[in-house]
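First the structure, in the form of structure tokens, and then the observations on it.
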Amino acid sequence: MDPLGARLLAARIKAGVSVGTRIELVTDAPGLAAGDRGIVDDIDDRGHVRVVWDRGCTVEIDPEQTQFRSLAA
């Protein structure tokens with residue numbers, strides 16, 4: 001595995017979710033409120049999670065700053 005692949009794998013493990021997972025915010029985030037729901041679209045090499053929110057926007061969150069929970073499929 002190359003260094004970038006290793007970083008991406010570590011970031012995805014650290015984020016605690018995978019692409020396609022439906023999540024709900026537990027705490028507020030810039031432009032979002034606790035209770036907002038969306039689907040994980042991508043996880044970058046920093047571990048930040050890009051989510052397509054039900055309200056129609058795509059916003060990246062930092063799991064170390066913003067709490068969320070996975071929802072049952």
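Labels for the structure tokens follow display order: chains A, B, ..., residues from 1 in each chain, ligands from 1.
Near segment 54-57 of chain A, within 12 Å and counting only C-alpha atoms, sit Arg22, Ile23, Glu24, Leu25, Gly31, Leu32, Ala33, Gly35, Asp36, Arg37, Gly38, Ile39, Val40, Asp41, Arg50, Val51 and Glu60 of chain A; same-chain residues fewer than 3 positions away were not included.
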Generate the output file for the selected residues, all heavy atoms, as a CSV table (one decimal), in the first residue's frame.
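part_38.csv was written with the following content:
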chain,number,residue,atom,x,y,z
A,22,ARG,N,-25.7,6.4,6.7
A,22,ARG,CA,-26.6,7.5,7.1
A,22,ARG,C,-26.3,7.9,8.5
A,22,ARG,O,-26.1,7.1,9.4
A,22,ARG,CB,-28.0,7.0,7.0
A,22,ARG,CG,-29.1,8.1,7.2
A,22,ARG,CD,-30.3,7.8,6.5
A,22,ARG,NE,-31.4,8.8,6.8
A,22,ARG,CZ,-31.4,10.0,6.2
A,22,ARG,NH1,-30.5,10.4,5.3
A,22,ARG,NH2,-32.4,10.8,6.5
A,23,ILE,N,-26.1,9.2,8.8
A,23,ILE,CA,-25.8,9.7,10.1
A,23,ILE,C,-26.7,10.8,10.5
A,23,ILE,O,-27.4,11.4,9.7
A,23,ILE,CB,-24.3,10.3,10.1
A,23,ILE,CG1,-24.1,11.5,9.2
A,23,ILE,CG2,-23.3,9.2,9.8
A,23,ILE,CD1,-22.8,12.2,9.5
A,24,GLU,N,-26.7,11.1,11.8
A,24,GLU,CA,-27.4,12.2,12.4
A,24,GLU,C,-26.5,13.0,13.4
A,24,GLU,O,-25.8,12.4,14.1
A,24,GLU,CB,-28.6,11.6,13.2
A,24,GLU,CG,-29.4,12.7,13.9
A,24,GLU,CD,-30.6,12.1,14.7
A,24,GLU,OE1,-30.3,11.2,15.6
A,24,GLU,OE2,-31.7,12.4,14.5
A,25,LEU,N,-26.6,14.3,13.3
A,25,LEU,CA,-25.7,15.1,14.1
A,25,LEU,C,-26.3,15.1,15.6
A,25,LEU,O,-27.5,15.1,15.8
A,25,LEU,CB,-25.7,16.6,13.7
A,25,LEU,CG,-24.9,16.9,12.4
A,25,LEU,CD1,-25.0,18.4,12.2
A,25,LEU,CD2,-23.5,16.5,12.6
A,31,GLY,N,-23.5,26.0,10.2
A,31,GLY,CA,-24.5,25.8,9.2
A,31,GLY,C,-25.5,24.6,9.4
A,31,GLY,O,-26.4,24.4,8.5
A,32,LEU,N,-25.3,23.9,10.4
A,32,LEU,CA,-26.1,22.7,10.7
A,32,LEU,C,-26.5,22.7,12.1
A,32,LEU,O,-26.0,23.4,13.0
A,32,LEU,CB,-25.3,21.4,10.4
A,32,LEU,CG,-24.8,21.3,9.0
A,32,LEU,CD1,-23.7,20.2,8.9
A,32,LEU,CD2,-25.9,21.0,8.0
A,33,ALA,N,-27.5,21.9,12.4
A,33,ALA,CA,-28.0,21.8,13.8
A,33,ALA,C,-28.1,20.3,14.2
A,33,ALA,O,-28.3,19.4,13.4
A,33,ALA,CB,-29.4,22.4,13.9
A,35,GLY,N,-29.6,17.0,15.1
A,35,GLY,CA,-30.8,16.4,14.6
A,35,GLY,C,-30.8,16.3,13.0
A,35,GLY,O,-31.5,15.5,12.4
A,36,ASP,N,-29.9,17.1,12.4
A,36,ASP,CA,-29.8,17.1,10.9
A,36,ASP,C,-29.3,15.7,10.5
A,36,ASP,O,-28.4,15.1,11.2
A,36,ASP,CB,-28.9,18.1,10.4
A,36,ASP,CG,-29.5,19.5,10.3
A,36,ASP,OD1,-30.7,19.6,10.4
A,36,ASP,OD2,-28.8,20.5,10.1
A,37,ARG,N,-29.8,15.2,9.4
A,37,ARG,CA,-29.4,13.9,8.9
A,37,ARG,C,-28.9,13.9,7.5
A,37,ARG,O,-29.3,14.8,6.7
A,37,ARG,CB,-30.6,12.9,9.0
A,37,ARG,CG,-31.1,12.6,10.4
A,37,ARG,CD,-32.3,11.7,10.4
A,37,ARG,NE,-32.6,11.4,11.8
A,37,ARG,CZ,-33.4,10.4,12.1
A,37,ARG,NH1,-34.0,9.7,11.1
A,37,ARG,NH2,-33.7,10.1,13.3
A,38,GLY,N,-28.0,13.0,7.2
A,38,GLY,CA,-27.5,12.9,5.8
A,38,GLY,C,-26.8,11.6,5.6
A,38,GLY,O,-26.7,10.8,6.4
A,39,ILE,N,-26.2,11.6,4.4
A,39,ILE,CA,-25.4,10.4,4.0
A,39,ILE,C,-24.0,10.7,3.7
A,39,ILE,O,-23.7,11.7,3.0
A,39,ILE,CB,-26.1,9.7,2.7
A,39,ILE,CG1,-27.5,9.3,3.0
A,39,ILE,CG2,-25.2,8.6,2.2
A,39,ILE,CD1,-28.3,8.7,1.9
A,40,VAL,N,-23.1,9.9,4.3
A,40,VAL,CA,-21.6,10.2,4.1
A,40,VAL,C,-21.3,10.0,2.6
A,40,VAL,O,-21.6,8.9,2.0
A,40,VAL,CB,-20.8,9.2,5.0
A,40,VAL,CG1,-19.3,9.3,4.7
A,40,VAL,CG2,-21.1,9.4,6.4
A,41,ASP,N,-20.7,11.0,2.0
A,41,ASP,CA,-20.3,11.0,0.6
A,41,ASP,C,-18.8,10.7,0.4
A,41,ASP,O,-18.5,10.1,-0.6
A,41,ASP,CB,-20.7,12.3,0.0
A,41,ASP,CG,-20.4,12.4,-1.5
A,41,ASP,OD1,-20.9,11.5,-2.2
A,41,ASP,OD2,-19.7,13.3,-1.9
A,50,ARG,N,-17.4,14.2,4.5
A,50,ARG,CA,-18.3,15.1,3.6
A,50,ARG,C,-19.6,14.4,3.6
A,50,ARG,O,-19.7,13.2,3.3
A,50,ARG,CB,-17.7,15.2,2.2
A,50,ARG,CG,-18.5,16.2,1.4
A,50,ARG,CD,-17.9,16.5,0.1
A,50,ARG,NE,-17.8,15.3,-0.7
A,50,ARG,CZ,-16.9,15.0,-1.6
A,50,ARG,NH1,-16.0,15.9,-1.9
A,50,ARG,NH2,-16.9,13.9,-2.3
A,51,VAL,N,-20.7,15.1,3.9
A,51,VAL,CA,-22.0,14.6,4.0
A,51,VAL,C,-23.0,15.3,3.1
A,51,VAL,O,-22.9,16.6,3.1
A,51,VAL,CB,-22.5,14.7,5.5
A,51,VAL,CG1,-23.9,14.0,5.6
A,51,VAL,CG2,-21.5,14.0,6.4
A,60,GLU,N,-18.8,19.5,4.9
A,60,GLU,CA,-17.8,18.6,5.5
A,60,GLU,C,-17.8,18.9,7.0
A,60,GLU,O,-17.9,20.0,7.5
A,60,GLU,CB,-16.5,19.0,4.9
A,60,GLU,CG,-15.3,18.2,5.4
A,60,GLU,CD,-14.0,18.6,4.8
A,60,GLU,OE1,-13.7,18.2,3.7
A,60,GLU,OE2,-13.3,19.5,5.4
From the list A:Ala29, A:Val49, A:Ile61, A:Leu71, the nearest residue to Ile13 of chain A using only C-alpha atoms is A:Val49
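When DSSP reads the backbone of this structure, the residues of chain A it assigns to alpha helix (DSSP H) are Pro3, Leu4, Gly5, Ala6, Arg7, Leu8, Leu9, Ala10, Ala11, Arg12, Ile13, Lys14 and Ala15 of chain A.
On the backbone of this structure, DSSP gives strand (DSSP E or B) within segment 6-73 of chain A to Arg22, Ile23, Glu24, Leu25, Ala29, Leu32, Arg37, Gly38, Ile39, Val40, Asp41, Asp42, Ile43, Val49, Arg50, Val51, Val52, Trp53, Thr58, Val59, Glu60, Ile61, Phe68, Arg69 and Ser70 of chain A.
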Same residues, N, CA, C and O atoms, saved as an mmCIF file, in the first residue's frame:
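Below is the file again.cif, written as the result:
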data_model
loop_
_atom_site.group_PDB
_atom_site.id
_atom_site.type_symbol
_atom_site.label_atom_id
_atom_site.label_comp_id
_atom_site.auth_asym_id
_atom_site.auth_seq_id
_atom_site.Cartn_x
_atom_site.Cartn_y
_atom_site.Cartn_z
ATOM 1 N N ARG A 22 -25.692 6.425 6.739
ATOM 2 C CA ARG A 22 -26.609 7.513 7.108
ATOM 3 C C ARG A 22 -26.276 7.918 8.541
ATOM 4 O O ARG A 22 -26.146 7.067 9.425
ATOM 5 N N ILE A 23 -26.121 9.240 8.753
ATOM 6 C CA ILE A 23 -25.758 9.738 10.086
ATOM 7 C C ILE A 23 -26.722 10.828 10.537
ATOM 8 O O ILE A 23 -27.449 11.413 9.727
ATOM 9 N N GLU A 24 -26.676 11.106 11.840
ATOM 10 C CA GLU A 24 -27.450 12.189 12.438
ATOM 11 C C GLU A 24 -26.515 12.973 13.355
ATOM 12 O O GLU A 24 -25.769 12.362 14.139
ATOM 13 N N LEU A 25 -26.567 14.290 13.261
ATOM 14 C CA LEU A 25 -25.736 15.112 14.143
ATOM 15 C C LEU A 25 -26.263 15.058 15.569
ATOM 16 O O LEU A 25 -27.469 15.127 15.798
ATOM 17 N N ALA A 29 -23.148 22.099 14.222
ATOM 18 C CA ALA A 29 -21.944 22.352 13.429
ATOM 19 C C ALA A 29 -22.221 23.614 12.623
ATOM 20 O O ALA A 29 -23.384 24.004 12.470
ATOM 21 N N LEU A 32 -25.286 23.872 10.428
ATOM 22 C CA LEU A 32 -26.095 22.682 10.685
ATOM 23 C C LEU A 32 -26.536 22.676 12.138
ATOM 24 O O LEU A 32 -25.970 23.378 12.973
ATOM 25 N N ARG A 37 -29.811 15.189 9.386
ATOM 26 C CA ARG A 37 -29.438 13.859 8.906
ATOM 27 C C ARG A 37 -28.926 13.932 7.476
ATOM 28 O O ARG A 37 -29.330 14.802 6.706
ATOM 29 N N GLY A 38 -28.044 12.996 7.152
ATOM 30 C CA GLY A 38 -27.512 12.941 5.800
ATOM 31 C C GLY A 38 -26.759 11.646 5.561
ATOM 32 O O GLY A 38 -26.703 10.772 6.428
ATOM 33 N N ILE A 39 -26.177 11.558 4.363
ATOM 34 C CA ILE A 39 -25.445 10.354 3.959
ATOM 35 C C ILE A 39 -23.990 10.716 3.697
ATOM 36 O O ILE A 39 -23.696 11.693 2.999
ATOM 37 N N VAL A 40 -23.069 9.939 4.270
ATOM 38 C CA VAL A 40 -21.638 10.157 4.087
ATOM 39 C C VAL A 40 -21.297 9.952 2.609
ATOM 40 O O VAL A 40 -21.579 8.901 2.037
ATOM 41 N N ASP A 41 -20.687 10.984 2.016
ATOM 42 C CA ASP A 41 -20.327 10.965 0.597
ATOM 43 C C ASP A 41 -18.843 10.669 0.389
ATOM 44 O O ASP A 41 -18.459 10.059 -0.599
ATOM 45 N N ASP A 42 -18.002 11.104 1.337
ATOM 46 C CA ASP A 42 -16.558 10.912 1.199
ATOM 47 C C ASP A 42 -15.891 11.148 2.543
ATOM 48 O O ASP A 42 -16.445 11.811 3.421
ATOM 49 N N ILE A 43 -14.705 10.592 2.712
ATOM 50 C CA ILE A 43 -13.860 10.833 3.883
ATOM 51 C C ILE A 43 -12.482 11.148 3.346
ATOM 52 O O ILE A 43 -11.906 10.347 2.603
ATOM 53 N N VAL A 49 -15.325 14.266 7.239
ATOM 54 C CA VAL A 49 -16.411 13.532 6.605
ATOM 55 C C VAL A 49 -17.270 14.500 5.795
ATOM 56 O O VAL A 49 -17.801 15.462 6.349
ATOM 57 N N ARG A 50 -17.386 14.242 4.483
ATOM 58 C CA ARG A 50 -18.263 15.058 3.635
ATOM 59 C C ARG A 50 -19.608 14.359 3.577
ATOM 60 O O ARG A 50 -19.689 13.177 3.253
ATOM 61 N N VAL A 51 -20.658 15.136 3.904
ATOM 62 C CA VAL A 51 -22.002 14.575 4.011
ATOM 63 C C VAL A 51 -22.954 15.342 3.105
ATOM 64 O O VAL A 51 -22.918 16.575 3.057
ATOM 65 N N VAL A 52 -23.800 14.599 2.397
ATOM 66 C CA VAL A 52 -24.900 15.197 1.649
ATOM 67 C C VAL A 52 -26.090 15.179 2.601
ATOM 68 O O VAL A 52 -26.623 14.111 2.929
ATOM 69 N N TRP A 53 -26.458 16.372 3.076
ATOM 70 C CA TRP A 53 -27.495 16.498 4.092
ATOM 71 C C TRP A 53 -28.878 16.499 3.460
ATOM 72 O O TRP A 53 -29.061 16.952 2.337
ATOM 73 N N THR A 58 -24.228 20.086 0.885
ATOM 74 C CA THR A 58 -23.123 19.177 1.177
ATOM 75 C C THR A 58 -22.144 19.935 2.052
ATOM 76 O O THR A 58 -21.651 20.991 1.657
ATOM 77 N N VAL A 59 -21.897 19.420 3.239
ATOM 78 C CA VAL A 59 -21.025 20.089 4.206
ATOM 79 C C VAL A 59 -20.072 19.059 4.799
ATOM 80 O O VAL A 59 -20.479 17.944 5.137
ATOM 81 N N GLU A 60 -18.830 19.451 4.935
ATOM 82 C CA GLU A 60 -17.804 18.611 5.547
ATOM 83 C C GLU A 60 -17.790 18.863 7.041
ATOM 84 O O GLU A 60 -17.870 20.010 7.486
ATOM 85 N N ILE A 61 -17.703 17.786 7.822
ATOM 86 C CA ILE A 61 -17.590 17.931 9.270
ATOM 87 C C ILE A 61 -16.325 17.223 9.755
ATOM 88 O O ILE A 61 -15.845 16.283 9.140
ATOM 89 N N PHE A 68 -21.625 12.905 15.972
ATOM 90 C CA PHE A 68 -22.707 12.363 15.168
ATOM 91 C C PHE A 68 -22.859 10.895 15.509
ATOM 92 O O PHE A 68 -22.004 10.305 16.161
ATOM 93 N N ARG A 69 -23.967 10.315 15.072
ATOM 94 C CA ARG A 69 -24.172 8.881 15.292
ATOM 95 C C ARG A 69 -24.638 8.262 13.980
ATOM 96 O O ARG A 69 -25.319 8.900 13.185
ATOM 97 N N SER A 70 -24.270 7.018 13.786
ATOM 98 C CA SER A 70 -24.733 6.264 12.630
ATOM 99 C C SER A 70 -26.169 5.829 12.876
ATOM 100 O O SER A 70 -26.545 5.504 14.001
#
Handout entry: Residue neighbourhood Ala10 of chain A, 10 Å, only C-alpha atoms, exclusion window fewer than 6 positions, as a list in words
Key = Leu4, Asp45, Arg46 and Gly47 of chain A
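Going from atom CA of Arg7 of chain A to atom CA of Gly20 of chain A covers 19.8 Å.
Nearest-residue note for Thr66 of chain A: choosing from A:Ala15, A:Asp44, A:Leu8, A:Asp2, the minimum distance belongs to A:Ala15, counting only C-alpha atoms.
Atom CA of Gly5 of chain A is found 24.2 Å from atom CA of Gln65 of chain A.
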